[in-house]
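**Student:** I'm passing along input.txt; it holds compact mmCIF, C-alpha atoms.
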# COMPACT_ATOMS: atom_id res chain seq x y z
CA MET A 1 -10.09 -31.29 30.83
CA LYS A 2 -8.37 -31.02 27.49
CA ARG A 3 -4.64 -31.31 27.20
CA VAL A 4 -2.70 -28.06 27.15
CA LEU A 5 -0.77 -27.65 23.91
CA SER A 6 2.91 -26.81 23.81
CA ALA A 7 4.12 -23.51 22.36
CA ARG A 8 5.41 -25.40 19.35
CA GLN A 9 2.00 -26.96 18.69
CA ILE A 10 0.29 -23.59 19.00
CA TRP A 11 2.72 -21.63 16.86
CA ALA A 12 3.85 -24.09 14.17
CA MET A 13 1.11 -23.19 11.66
CA PRO A 14 1.01 -19.44 12.35
CA VAL A 15 4.80 -19.22 11.91
CA ALA A 16 4.68 -21.30 8.72
CA VAL A 17 1.94 -19.10 7.23
CA ALA A 18 3.78 -15.94 8.28
CA GLY A 19 7.04 -17.14 6.74
CA SER A 20 5.43 -18.12 3.46
CA SER A 21 3.57 -14.77 3.35
CA ILE A 22 6.87 -12.91 3.68
CA ILE A 23 8.35 -14.97 0.84
CA GLY A 24 5.30 -14.24 -1.30
CA LEU A 25 5.24 -10.51 -0.62
CA VAL A 26 8.91 -10.14 -1.53
CA SER A 27 9.14 -12.57 -4.45
CA ALA A 28 6.80 -10.69 -6.81
CA LEU A 29 8.97 -7.62 -6.30
CA LEU A 30 12.09 -9.46 -7.41
CA GLY A 31 10.95 -10.63 -10.82
CA ASP A 32 8.16 -11.69 -13.15
CA GLY A 33 7.03 -15.14 -14.26
CA ALA A 34 8.07 -17.74 -11.68
CA TRP A 35 8.58 -15.06 -9.02
CA ASP A 36 5.01 -13.87 -9.49
CA ALA A 37 3.72 -17.45 -9.43
CA LEU A 38 5.56 -18.06 -6.15
CA SER A 39 3.80 -15.07 -4.61
CA TRP A 40 0.40 -16.27 -5.86
CA GLY A 41 0.99 -19.70 -4.32
CA THR A 42 2.24 -18.51 -0.95
CA LEU A 43 -0.29 -15.72 -0.52
CA SER A 44 -3.14 -18.14 -1.38
CA LEU A 45 -2.27 -20.09 1.76
CA PRO A 46 -4.14 -17.80 4.23
CA ILE A 47 -7.23 -17.91 2.01
CA LEU A 48 -7.09 -21.68 1.48
CA LEU A 49 -6.50 -22.41 5.17
CA SER A 50 -9.41 -20.19 6.21
CA ALA A 51 -11.70 -21.80 3.65
CA TRP A 52 -10.61 -25.34 4.61
CA HIS A 53 -11.13 -24.86 8.35
CA LEU A 54 -14.48 -23.14 7.87
CA TRP A 55 -15.63 -25.89 5.54
CA ARG A 56 -14.49 -28.49 8.07
CA ALA A 57 -16.35 -26.78 10.89
CA GLN A 58 -19.51 -26.72 8.75
CA THR A 59 -19.38 -30.39 7.78
CA SER A 60 -18.23 -31.92 11.07
CA GLY A 61 -21.69 -31.87 12.67
CA MET B 1 -1.51 -13.08 34.35
CA ARG B 2 -1.43 -9.32 34.81
CA ALA B 3 0.58 -8.92 31.64
CA PHE B 4 -1.93 -11.05 29.76
CA LYS B 5 -4.86 -8.97 31.00
CA LEU B 6 -2.99 -5.83 30.07
CA TRP B 7 -2.39 -7.09 26.52
CA CYS B 8 -6.10 -7.91 26.24
CA LEU B 9 -6.89 -4.34 27.22
CA VAL B 10 -4.38 -3.00 24.69
CA HIS B 11 -5.94 -5.20 21.99
CA LYS B 12 -9.45 -4.12 22.90
CA TRP B 13 -8.80 -0.38 22.96
CA THR B 14 -6.42 -0.03 20.03
CA SER B 15 -8.92 -2.04 17.97
CA LEU B 16 -11.97 -0.11 19.13
CA LEU B 17 -10.39 3.24 18.36
CA CYS B 18 -9.42 2.36 14.80
CA THR B 19 -12.01 -0.22 13.68
CA LEU B 20 -14.50 2.13 12.02
CA PHE B 21 -11.78 3.93 10.07
CA LEU B 22 -10.12 0.65 9.19
CA LEU B 23 -13.45 -0.61 7.83
CA LEU B 24 -13.67 2.54 5.72
CA LEU B 25 -10.09 2.00 4.50
CA CYS B 26 -10.72 -1.65 3.64
CA LEU B 27 -13.96 -0.87 1.82
CA SER B 28 -12.64 2.13 -0.12
CA GLY B 29 -9.37 0.31 -0.84
CA LEU B 30 -11.16 -2.63 -2.43
CA PRO B 31 -12.21 -0.82 -5.65
CA LEU B 32 -8.85 0.98 -5.75
CA ILE B 33 -7.03 -2.36 -6.13
CA PHE B 34 -8.83 -2.68 -9.47
CA GLY B 35 -8.79 1.05 -10.20
CA GLU B 36 -7.41 0.61 -13.72
CA GLU B 37 -9.93 -2.08 -14.63
CA ILE B 38 -12.86 -0.16 -13.13
CA ALA B 39 -11.89 3.06 -14.91
CA HIS B 40 -11.73 1.10 -18.15
CA TRP B 41 -15.06 -0.55 -17.49
CA LEU B 42 -16.69 2.79 -16.64
CA GLU B 43 -15.21 3.98 -19.92
CA ALA B 44 -13.29 6.62 -18.03
CA SER B 45 -10.00 5.43 -19.49
CA VAL B 46 -8.52 4.49 -22.84
CA THR B 47 -5.87 1.88 -23.58
CA PRO B 48 -3.25 2.79 -26.18
CA PRO B 49 -3.66 0.55 -29.26
CA GLU B 50 -1.14 -2.27 -29.79
CA MET B 51 1.44 -1.37 -32.41
CA ALA B 52 3.71 -3.66 -34.35
CA ASP B 53 6.63 -1.24 -34.42
CA ALA B 54 7.58 -0.49 -30.82
CA THR B 55 10.49 1.78 -31.72
CA VAL B 56 8.43 4.69 -33.06
CA LYS B 57 8.49 7.57 -30.61
CA ALA B 58 6.32 10.66 -30.53
CA ASP B 59 8.00 14.06 -30.46
CA LEU B 60 7.57 15.31 -26.87
CA ASP B 61 7.83 18.94 -27.92
CA ALA B 62 4.90 18.38 -30.28
CA LEU B 63 2.88 16.94 -27.39
CA ALA B 64 3.74 20.00 -25.29
CA ALA B 65 2.73 22.33 -28.14
CA ASP B 66 -0.56 20.46 -28.57
CA ALA B 67 -1.32 20.67 -24.83
CA ARG B 68 -0.49 24.39 -24.76
CA ALA B 69 -2.71 25.01 -27.77
CA ARG B 70 -5.59 23.31 -25.98
CA ARG B 71 -5.15 25.43 -22.84
CA PRO B 72 -3.21 28.55 -23.83
CA LYS B 73 -3.59 30.20 -20.40
CA ASP B 74 -2.23 27.24 -18.43
CA ALA B 75 1.32 26.02 -17.83
CA ILE B 76 2.60 22.48 -18.29
CA GLN B 77 3.60 21.00 -14.92
CA ALA B 78 4.75 17.51 -15.79
CA PHE B 79 5.02 14.70 -18.30
CA ALA B 80 4.50 11.20 -16.91
CA ARG B 81 4.97 7.93 -18.76
CA ASP B 82 2.65 4.95 -18.13
CA GLU B 83 4.28 1.75 -16.90
CA ASN B 84 4.27 0.07 -20.32
CA ALA B 85 5.72 3.22 -21.90
CA GLN B 86 2.81 3.37 -24.38
CA ALA B 87 1.38 6.66 -23.22
CA TRP B 88 2.48 10.05 -21.93
CA PHE B 89 0.31 11.96 -19.51
CA VAL B 90 0.71 15.72 -19.70
CA SER B 91 -0.55 17.59 -16.64
CA MET B 92 -1.20 21.33 -16.64
CA GLY B 93 -1.93 23.87 -13.93
CA GLU B 94 -3.22 27.42 -13.97
CA THR B 95 0.35 28.31 -13.06
CA ALA B 96 3.46 26.09 -13.05
CA ASP B 97 3.52 25.95 -9.24
CA ALA B 98 -0.25 25.47 -8.77
CA THR B 99 -1.01 22.69 -6.27
CA GLU B 100 -4.03 21.46 -8.24
CA SER B 101 -3.82 20.47 -11.87
CA SER B 102 -6.25 22.02 -14.32
CA ALA B 103 -5.99 19.41 -17.07
CA LEU B 104 -4.56 15.98 -17.74
CA PHE B 105 -4.06 14.89 -21.36
CA MET B 106 -3.18 11.35 -22.37
CA TYR B 107 -1.16 10.96 -25.56
CA ASP B 108 -0.08 7.86 -27.45
CA SER B 109 3.69 7.74 -26.87
CA ARG B 110 4.31 6.31 -30.36
CA THR B 111 1.99 8.28 -32.64
CA GLY B 112 1.61 11.38 -30.47
CA ALA B 113 -2.17 11.25 -30.94
CA LEU B 114 -4.31 12.66 -28.13
CA LEU B 115 -6.08 9.64 -26.61
CA GLN B 116 -8.05 11.32 -23.85
CA ASP B 117 -8.70 14.53 -21.96
CA LEU B 118 -9.03 12.92 -18.53
CA PRO B 119 -11.77 14.05 -16.17
CA LEU B 120 -10.27 15.46 -12.96
CA ARG B 121 -11.64 15.25 -9.42
CA GLU B 122 -14.89 13.47 -10.27
CA GLY B 123 -16.39 10.05 -10.48
CA PHE B 124 -16.64 6.96 -8.30
CA LEU B 125 -12.92 6.20 -8.15
CA HIS B 126 -12.10 9.77 -7.19
CA VAL B 127 -14.50 9.58 -4.22
CA MET B 128 -13.03 6.22 -3.15
CA PHE B 129 -9.51 7.61 -3.51
CA MET B 130 -10.26 10.71 -1.44
CA LEU B 131 -11.93 8.64 1.29
CA HIS B 132 -9.02 6.22 1.35
CA VAL B 133 -6.22 8.77 1.28
CA GLU B 134 -7.41 11.87 3.08
CA LEU B 135 -11.09 11.71 4.11
CA PHE B 136 -11.59 14.86 1.98
CA ALA B 137 -9.56 16.73 4.61
CA GLY B 138 -6.19 17.30 2.93
CA LEU B 139 -2.92 16.55 4.68
CA PRO B 140 -4.45 16.57 8.20
CA GLY B 141 -6.88 13.88 7.02
CA THR B 142 -4.00 11.82 5.63
CA LEU B 143 -1.98 12.11 8.84
CA PHE B 144 -5.06 11.22 10.89
CA LEU B 145 -5.47 8.04 8.84
CA GLY B 146 -1.76 7.36 9.45
CA GLY B 147 -2.46 7.54 13.20
CA MET B 148 -5.35 5.10 12.76
CA GLY B 149 -2.93 2.84 10.87
CA LEU B 150 -0.51 2.92 13.81
CA LEU B 151 -3.35 1.87 16.15
CA PHE B 152 -4.17 -0.93 13.73
CA LEU B 153 -0.56 -2.15 13.88
CA ALA B 154 -0.65 -2.04 17.69
CA SER B 155 -3.91 -3.99 17.66
CA ILE B 156 -2.37 -6.66 15.39
CA VAL B 157 0.70 -7.04 17.61
CA SER B 158 -1.38 -7.23 20.81
CA GLY B 159 -3.72 -9.64 19.05
CA VAL B 160 -0.81 -11.97 18.34
CA VAL B 161 0.30 -11.79 21.99
CA VAL B 162 -3.12 -12.87 23.29
CA TYR B 163 -3.57 -15.47 20.54
CA GLY B 164 -1.22 -17.92 22.29
CA PRO B 165 -3.04 -18.12 25.65
CA PHE B 166 -6.41 -18.35 23.85
CA MET B 167 -5.21 -21.31 21.81
CA ARG B 168 -3.65 -23.33 24.62
CA LYS B 169 -6.23 -26.09 24.29
CA LEU B 170 -7.39 -25.66 20.72
CA PRO B 171 -5.76 -27.16 17.67
CA PHE B 172 -4.93 -24.63 14.94
CA GLY B 173 -7.98 -23.60 12.95
CA ALA B 174 -10.59 -25.10 15.30
CA VAL B 175 -13.95 -23.34 14.90
CA ARG B 176 -16.38 -24.44 17.64
CA HIS B 177 -19.62 -23.71 15.83
CA ALA B 178 -21.70 -26.14 17.87
CA GLY B 179 -21.55 -24.00 21.02
CA SER B 180 -22.58 -20.38 21.42
CA PRO B 181 -22.36 -18.10 18.37
CA ARG B 182 -19.93 -16.03 20.41
CA LEU B 183 -17.51 -18.92 20.65
CA ALA B 184 -17.71 -19.56 16.91
CA TRP B 185 -17.06 -15.88 16.14
CA LEU B 186 -14.15 -15.82 18.58
CA ASP B 187 -12.56 -18.84 16.90
CA LEU B 188 -13.19 -17.33 13.46
CA HIS B 189 -11.64 -14.03 14.58
CA ASN B 190 -8.57 -15.87 15.86
CA LEU B 191 -8.18 -18.04 12.75
CA LEU B 192 -8.66 -15.28 10.14
CA GLY B 193 -6.59 -12.83 12.19
CA ILE B 194 -3.61 -15.12 12.58
CA VAL B 195 -3.44 -16.32 8.96
CA THR B 196 -3.61 -12.75 7.56
CA LEU B 197 -1.16 -11.45 10.17
CA VAL B 198 1.83 -10.74 7.93
CA TRP B 199 -0.22 -9.39 5.03
CA ALA B 200 -2.13 -7.03 7.35
CA LEU B 201 1.09 -5.88 9.05
CA VAL B 202 2.75 -5.17 5.70
CA VAL B 203 -0.23 -3.46 4.07
CA GLY B 204 -0.94 -1.53 7.28
CA GLY B 205 2.69 -0.57 7.81
CA THR B 206 3.28 0.52 4.21
CA GLY B 207 -0.02 2.42 4.37
CA VAL B 208 1.28 4.36 7.36
CA ILE B 209 4.52 5.10 5.48
CA ASN B 210 2.49 6.28 2.49
CA THR B 211 0.64 8.80 4.65
CA LEU B 212 4.02 10.52 5.05
CA ALA B 213 4.57 10.78 1.27
CA ARG B 214 3.85 14.49 1.01
CA PRO B 215 5.94 15.60 4.02
CA LEU B 216 8.81 13.32 2.95
CA PHE B 217 8.77 14.62 -0.62
CA ALA B 218 8.63 18.21 0.64
CA TYR B 219 11.58 17.49 2.94
CA TRP B 220 13.50 16.03 -0.01
CA GLN B 221 12.80 19.16 -2.04
CA GLN B 222 13.96 21.44 0.76
CA THR B 223 17.18 19.54 1.44
CA GLU B 224 18.54 17.39 -1.41
CA LEU B 225 16.94 19.24 -4.31
CA ALA B 226 17.80 22.61 -2.78
CA GLU B 227 21.45 21.51 -2.60
CA MET B 228 21.38 20.34 -6.21
CA THR B 229 19.94 23.62 -7.48
CA ALA B 230 22.02 25.86 -5.15
CA PRO B 231 24.51 26.94 -7.88
CA TRP B 232 21.61 28.42 -9.89
CA GLN B 233 20.12 30.32 -6.96
CA GLY B 234 19.56 34.01 -7.69
CA LYS B 235 20.17 33.65 -11.42
CA PRO B 236 17.50 35.15 -13.70
CA ALA B 237 14.81 32.75 -14.88
CA PRO B 238 15.50 31.21 -18.29
CA VAL B 239 14.17 33.16 -21.29
CA SER B 240 14.26 30.33 -23.79
CA PHE B 241 13.65 26.67 -23.07
CA SER B 242 15.47 23.70 -24.46
CA SER B 243 13.69 20.86 -26.25
CA ILE B 244 11.90 18.43 -23.89
CA ASP B 245 12.82 15.57 -26.20
CA ARG B 246 16.49 16.44 -25.84
CA ALA B 247 16.20 16.88 -22.05
CA VAL B 248 14.72 13.39 -21.71
CA ALA B 249 17.29 11.91 -24.10
CA ALA B 250 20.16 13.54 -22.16
CA ALA B 251 18.89 12.09 -18.87
CA GLU B 252 18.26 8.63 -20.35
CA ALA B 253 21.76 8.63 -21.89
CA LEU B 254 23.21 8.58 -18.35
CA ASP B 255 22.11 5.00 -17.83
CA ILE B 256 20.83 2.78 -20.61
CA GLN B 257 19.25 0.46 -18.00
CA LYS B 258 16.81 3.23 -17.13
CA GLU B 259 14.02 5.22 -18.76
CA ALA B 260 12.27 8.46 -17.85
CA ALA B 261 9.26 7.86 -15.60
CA PHE B 262 8.27 11.50 -15.40
CA VAL B 263 9.53 15.00 -16.11
CA GLU B 264 8.76 17.94 -13.84
CA PHE B 265 8.79 21.29 -15.64
CA PRO B 266 10.68 24.48 -14.77
CA GLY B 267 8.77 26.49 -12.18
CA THR B 268 7.30 23.48 -10.34
CA PRO B 269 8.42 22.78 -6.75
CA SER B 270 10.13 19.54 -7.82
CA ALA B 271 12.27 21.16 -10.50
CA GLY B 272 12.88 24.76 -9.42
CA PRO B 273 12.93 27.70 -11.84
CA HIS B 274 16.01 26.73 -13.89
CA HIS B 275 15.62 23.03 -14.62
CA TYR B 276 13.66 20.16 -15.97
CA ALA B 277 13.69 17.39 -13.35
CA VAL B 278 13.71 14.02 -15.11
CA PHE B 279 13.03 11.08 -12.79
CA LEU B 280 14.50 7.87 -14.18
CA ARG B 281 13.21 4.39 -13.29
CA GLY B 282 14.72 0.94 -13.85
CA ARG B 283 13.25 -1.72 -16.11
CA THR B 284 12.92 -4.71 -13.74
CA PRO B 285 9.83 -5.09 -11.52
CA PHE B 286 11.78 -3.91 -8.48
CA THR B 287 13.97 -1.17 -9.98
CA ALA B 288 10.98 0.23 -11.88
CA ARG B 289 9.76 1.41 -8.47
CA LEU B 290 12.96 3.27 -7.63
CA LEU B 291 13.62 6.75 -8.98
CA GLU B 292 16.77 8.67 -9.78
CA PRO B 293 16.42 12.43 -10.21
CA VAL B 294 18.36 14.10 -13.03
CA LEU B 295 18.28 17.88 -13.33
CA ILE B 296 18.54 19.21 -16.87
CA ASP B 297 19.45 22.85 -17.46
CA ALA B 298 16.21 24.29 -18.87
CA GLU B 299 18.06 26.64 -21.23
CA THR B 300 20.87 24.48 -22.59
CA GLY B 301 19.32 21.02 -22.25
CA ALA B 302 22.55 19.71 -20.67
CA VAL B 303 22.67 17.47 -17.58
CA ALA B 304 23.08 19.78 -14.60
CA ALA B 305 23.05 17.48 -11.59
CA THR B 306 22.05 14.00 -10.50
CA ARG B 307 22.20 12.06 -7.26
CA ALA B 308 20.76 8.95 -5.67
CA MET B 309 17.55 9.20 -3.69
CA PRO B 310 18.07 9.21 0.09
CA TRP B 311 17.03 6.13 2.09
CA TYR B 312 13.71 7.57 3.25
CA MET B 313 12.57 8.18 -0.33
CA THR B 314 13.61 4.64 -1.26
CA VAL B 315 11.59 3.28 1.68
CA LEU B 316 8.61 5.33 0.53
CA LEU B 317 8.92 4.19 -3.10
CA VAL B 318 9.24 0.50 -2.17
CA SER B 319 6.36 0.73 0.28
CA GLN B 320 4.01 1.80 -2.50
CA PRO B 321 3.72 -1.47 -4.43
CA LEU B 322 3.59 -3.39 -1.14
CA HIS B 323 0.54 -1.34 -0.20
CA PHE B 324 -1.18 -1.33 -3.61
CA GLY B 325 -0.60 -4.99 -4.54
CA ASP B 326 -0.05 -3.97 -8.14
CA TYR B 327 3.28 -5.71 -8.67
CA GLY B 328 2.38 -9.30 -9.48
CA GLY B 329 -0.23 -9.30 -12.21
CA GLN B 330 -3.98 -9.92 -11.97
CA PRO B 331 -3.76 -12.95 -9.63
CA LEU B 332 -1.92 -10.87 -7.01
CA LYS B 333 -4.57 -8.17 -7.27
CA ALA B 334 -7.26 -10.81 -6.76
CA LEU B 335 -5.44 -12.14 -3.69
CA TRP B 336 -5.11 -8.58 -2.38
CA ALA B 337 -8.87 -8.21 -2.69
CA LEU B 338 -9.56 -11.55 -0.96
CA LEU B 339 -7.16 -10.75 1.90
CA ASP B 340 -8.81 -7.35 2.19
CA ILE B 341 -12.20 -9.02 2.51
CA VAL B 342 -10.85 -11.45 5.14
CA THR B 343 -9.53 -8.41 7.05
CA ILE B 344 -13.02 -6.88 6.91
CA VAL B 345 -14.39 -10.09 8.47
CA VAL B 346 -11.71 -9.89 11.20
CA LEU B 347 -12.71 -6.29 11.93
CA LEU B 348 -16.44 -7.07 11.98
CA SER B 349 -16.03 -10.20 14.11
CA GLY B 350 -13.89 -8.18 16.53
CA LEU B 351 -16.62 -5.58 16.71
CA TYR B 352 -19.22 -8.31 17.28
CA LEU B 353 -17.16 -9.85 20.10
CA TRP B 354 -16.98 -6.49 21.84
CA TRP B 355 -20.62 -5.60 21.22
CA ASN B 356 -22.21 -8.94 21.96
CA LYS B 357 -20.60 -9.32 25.31
CA GLY B 358 -21.25 -10.73 27.77
CA HIS B 359 -18.42 -9.07 29.42
CA ARG B 360 -18.85 -11.89 31.85
CA ALA B 361 -18.38 -14.72 29.43
CA ASP B 362 -15.38 -12.98 27.96
CA GLU B 363 -13.73 -12.27 31.26
CA ALA B 364 -14.38 -15.79 32.48
CA LEU B 365 -12.74 -17.05 29.31
CA LEU B 366 -9.79 -14.75 29.75
CA VAL B 367 -9.37 -15.53 33.43
CA GLU B 368 -9.55 -19.21 32.66
CA ALA B 369 -7.01 -18.87 29.87
CA GLY B 370 -4.78 -16.76 32.08
CA ARG B 371 -4.93 -19.26 34.96
CA GLU B 372 -4.10 -22.03 32.57
CA HIS B 373 -1.19 -19.99 31.32
CA GLU B 374 -0.01 -19.31 34.87
CA ARG B 375 -0.29 -22.97 35.86
CA ALA B 376 1.69 -24.09 32.84
CA ARG B 377 4.34 -21.45 33.53
CA SER B 378 4.79 -22.50 37.14
CA ALA B 379 4.84 -26.15 36.10
CA GLU B 380 7.55 -25.32 33.57
CA ALA B 381 9.46 -23.33 36.15
CA GLY B 382 9.12 -26.21 38.60
CA ALA B 383 10.40 -28.65 36.00
CA VAL B 384 13.38 -26.44 35.33
CA ARG B 385 14.18 -26.10 39.03
CA ARG B 386 14.09 -29.80 39.48
How does the structure come out when it is put into structure tokens?
**Tutor:**
Amino acid sequence: MKRVLSARQIWAMPVAVAGSSIIGLVSALLGDGAWDALSWGTLSLPILLSAWHLWRAQTSG
Amino acid sequence: MRAFKLWCLVHKWTSLLCTLFLLLLCLSGLPLIFGEEIAHWLEASVTPPEMADATVKADLDALAADARARRPKDAIQAFARDENAQAWFVSMGETADATESSALFMYDSRTGALLQDLPLREGFLHVMFMLHVELFAGLPGTLFLGGMGLLFLASIVSGVVVYGPFMRKLPFGAVRHAGSPRLAWLDLHNLLGIVTLVWALVVGGTGVINTLARPLFAYWQQTELAEMTAPWQGKPAPVSFSSIDRAVAAAEALDIQKEAAFVEFPGTPSAGPHHYAVFLRGRTPFTARLLEPVLIDAETGAVAATRAMPWYMTVLLVSQPLHFGDYGGQPLKALWALLDIVTIVVLLSGLYLWWNKGHRADEALLVEAGREHERARSAEAGAVRR
């Protein structure tokens, strides 16, 4: 039977993605230029993570 | 264990009740993200030409005269400035207080040239907009969609609660595609759901707030605006009207950091019979979303009253960009579209998981996860006691 993960192991990534999403959603409101770029970077994270894990599942036999 | 089962039930039923409408909202919202671009591409919109001299300003009274000459039987309801301040939109109604506009003219804000007589209530984007905002059913349709939005929020929250127990033995992002298709779809649903959590909560939550726009604005008119116009109550309607140009200039002179976003005309519900209501906006990305109402005496053109918007209007105004995704350039719009598509996949995979049961397999999974949860809890409790 597989090892049971701790709450920290389960929630570390979801909390990180949630935090960076909040930063991204707010930053573009605060200014243009760098503030917009920050929101593009942080809000890309959910897309990139989904793509990466799907790609990994496809390639790992 | 009972709590976990209960949350699963909450997740299942809140999702089932709203999924079809949420799919409709996601699909109709997708083209609306790029509404401007699509309208341009369909040649349903015109962009004001670039001009070297940005200080030239068209005479607003001349625009009003031109609009009136085009539709002599109608009344002007409002002037609205585009976000780059390169165009003025003049909307007319059969009467000043008509709820539907009869014409919308777009003028170049520098030269005063008529750029376009915009088609009203027709075309692809109009259908998408009506589906997205009111299901072609007016305010009841809008409020119904708001209720669906609340269910969606409940389904997200309950989804997060059951995510933990489901993931007790799986590393983040694991997609077990070698086993049954059901297992792969479950993992996909969990992964896409958890990474889009905050975006979906914010877009869903601000969408629900937006469904209250009309009631909130009506409430503002009946309370704050009514107080502002109270001293003019019962006075005869103005016989002559001051210059619109001067009314806008008087309002803008109050705060040089701000510019007029739109002007409601005397006789409309937002201005009352005796005033122009000029709504000022700031010039930074954030303050451009906030509005400050300035009432201008329609006869004299002098500032009559001004006050800050109450908190609920500010919440409504700030929730708009957070729902539309139109506040961070083209890349943000593109991300909005991608996240919307991911949400569609979450909805469809959720539907698949419910449809393609086995109930059995699912319940076995849940029971197993719950037992695991229980065991870990009692082990933790035991460790603490010791």
**Student:** Restricting the calculation to only C-alpha atoms, which member of A:Arg8, A:Gly31, A:Val26, A:Trp40 is positioned closest to Gln330 of chain B?
**Tutor:**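 Ranking A:Arg8, A:Gly31, A:Val26, A:Trp40 by distance to Gln330 of chain B, first place goes to A:Trp40.
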**Student:** Counting only C-alpha atoms, what are the residues of chain A within 8 Å of chain B, and for each of them which pair of atoms is the nearest and at what distance in Å, to one decimal? Sort the table by chain and rising number, as a Markdown table.
**Tutor:**
| residue | atom | partner | partner_atom | distance |
| --- | --- | --- | --- | --- |
| A:Lys2 | CA | B:Lys169 | CA | 6.3 |
| A:Arg3 | CA | B:Lys169 | CA | 6.2 |
| A:Val4 | CA | B:Lys169 | CA | 5.0 |
| A:Leu5 | CA | B:Arg168 | CA | 5.2 |
| A:Ser6 | CA | B:Arg168 | CA | 7.5 |
| A:Ala7 | CA | B:Gly164 | CA | 7.7 |
| A:Gln9 | CA | B:Pro171 | CA | 7.8 |
| A:Ile10 | CA | B:Met167 | CA | 6.6 |
| A:Trp11 | CA | B:Gly164 | CA | 7.7 |
| A:Met13 | CA | B:Phe172 | CA | 7.0 |
| A:Pro14 | CA | B:Ile194 | CA | 6.3 |
| A:Val17 | CA | B:Val195 | CA | 6.3 |
| A:Ala18 | CA | B:Val198 | CA | 5.6 |
| A:Ser21 | CA | B:Val198 | CA | 6.3 |
| A:Ile22 | CA | B:Val198 | CA | 6.9 |
| A:Leu25 | CA | B:Leu322 | CA | 7.3 |
| A:Ala28 | CA | B:Gly328 | CA | 5.3 |
| A:Leu29 | CA | B:Phe286 | CA | 5.1 |
| A:Leu30 | CA | B:Phe286 | CA | 5.7 |
| A:Gly31 | CA | B:Pro285 | CA | 5.7 |
| A:Asp32 | CA | B:Pro285 | CA | 7.0 |
| A:Asp36 | CA | B:Gly328 | CA | 5.3 |
| A:Ser39 | CA | B:Leu332 | CA | 7.5 |
| A:Trp40 | CA | B:Leu332 | CA | 6.0 |
| A:Leu43 | CA | B:Leu335 | CA | 7.0 |
| A:Ser44 | CA | B:Leu335 | CA | 6.8 |
| A:Pro46 | CA | B:Val195 | CA | 5.0 |
| A:Ile47 | CA | B:Leu339 | CA | 7.2 |
| A:Leu49 | CA | B:Val195 | CA | 7.8 |
| A:Ser50 | CA | B:Leu192 | CA | 6.3 |
| A:His53 | CA | B:Gly173 | CA | 5.7 |
| A:Leu54 | CA | B:Val175 | CA | 7.1 |
| A:Ala57 | CA | B:Val175 | CA | 5.8 |
| A:Gln58 | CA | B:His177 | CA | 7.7 |
| A:Gly61 | CA | B:Ala178 | CA | 7.7 |
**Student:** State, in Å with one decimal place, the distance from atom CA of Ser101 of chain B to atom CA of Leu280 of chain B.
**Tutor:**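 Computing the Euclidean distance for atom CA of Ser101 of chain B and atom CA of Leu280 of chain B yields 22.4 Å.
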**Student:** Could you tell me which of B:Gly301, B:Met313, B:Lys57, B:Gly138 comes closest to Thr111 of chain B if we count only C-alpha atoms?
**Tutor:** B:Lys57
**Student:** Would you list the residues near (-2.4, 9.7, 7.0) (no more than 9 Å away, in the coordinates of the file, using all atoms listed in the file) as an MDAnalysis selection string?
**Tutor:** chainID B and resid 133:134 139:149 207:212
**Student:** When distances are computed from all atoms listed in the file, which of B:Phe21, B:Trp355, B:Phe265, B:Tyr219 shows the smallest separation from Ala96 of chain B?
**Tutor:**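 When distances to Ala96 of chain B are compared using all atoms listed in the file, the smallest one comes from B:Phe265.
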**Student:** Could you work out how far atom CA of Tyr312 of chain B lies from atom CA of Pro215 of chain B, giving the answer in Å with one decimal?
**Tutor:**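 For atom CA of Pro215 of chain B relative to atom CA of Tyr312 of chain B, the distance reads 11.2 Å.
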**Student:** Would you pick out the contacts of segment 73-80 of chain B at 10 Å or less, using all atoms listed in the file, so that residues sharing its chain but fewer than 4 positions from it are not included, and give the list as a ChimeraX atom specification?
**Tutor:** /B:60,63-65,67-69,85,87-99,101-106,244,260-271,276-279
**Student:** As an exercise, work out the distance from atom CA of Val315 of chain B to atom CA of Gln222 of chain B in Å and give it to one decimal place.
**Tutor:**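 Going from atom CA of Val315 of chain B over to atom CA of Gln222 of chain B, I get 18.3 Å.
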**Student:** From (-8.9, -4.6, 10.7), in the file's coordinates, out to 7 Å: which residues are reached, counting all atoms listed in the file? Answer as a list in words.
**Tutor:**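 Result, sorted by chain then residue number: Thr19, Leu22, Leu23, Phe152, Thr343, Ile344, Val346 and Leu347 of chain B.
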**Student:** Take the residues that were just selected and, keeping C-alpha atoms, output them as a CSV table (one decimal), keeping the file's coordinate frame.
**Tutor:**
chain,number,residue,atom,x,y,z
B,19,THR,CA,-12.0,-0.2,13.7
B,22,LEU,CA,-10.1,0.6,9.2
B,23,LEU,CA,-13.4,-0.6,7.8
B,152,PHE,CA,-4.2,-0.9,13.7
B,343,THR,CA,-9.5,-8.4,7.0
B,344,ILE,CA,-13.0,-6.9,6.9
B,346,VAL,CA,-11.7,-9.9,11.2
B,347,LEU,CA,-12.7,-6.3,11.9
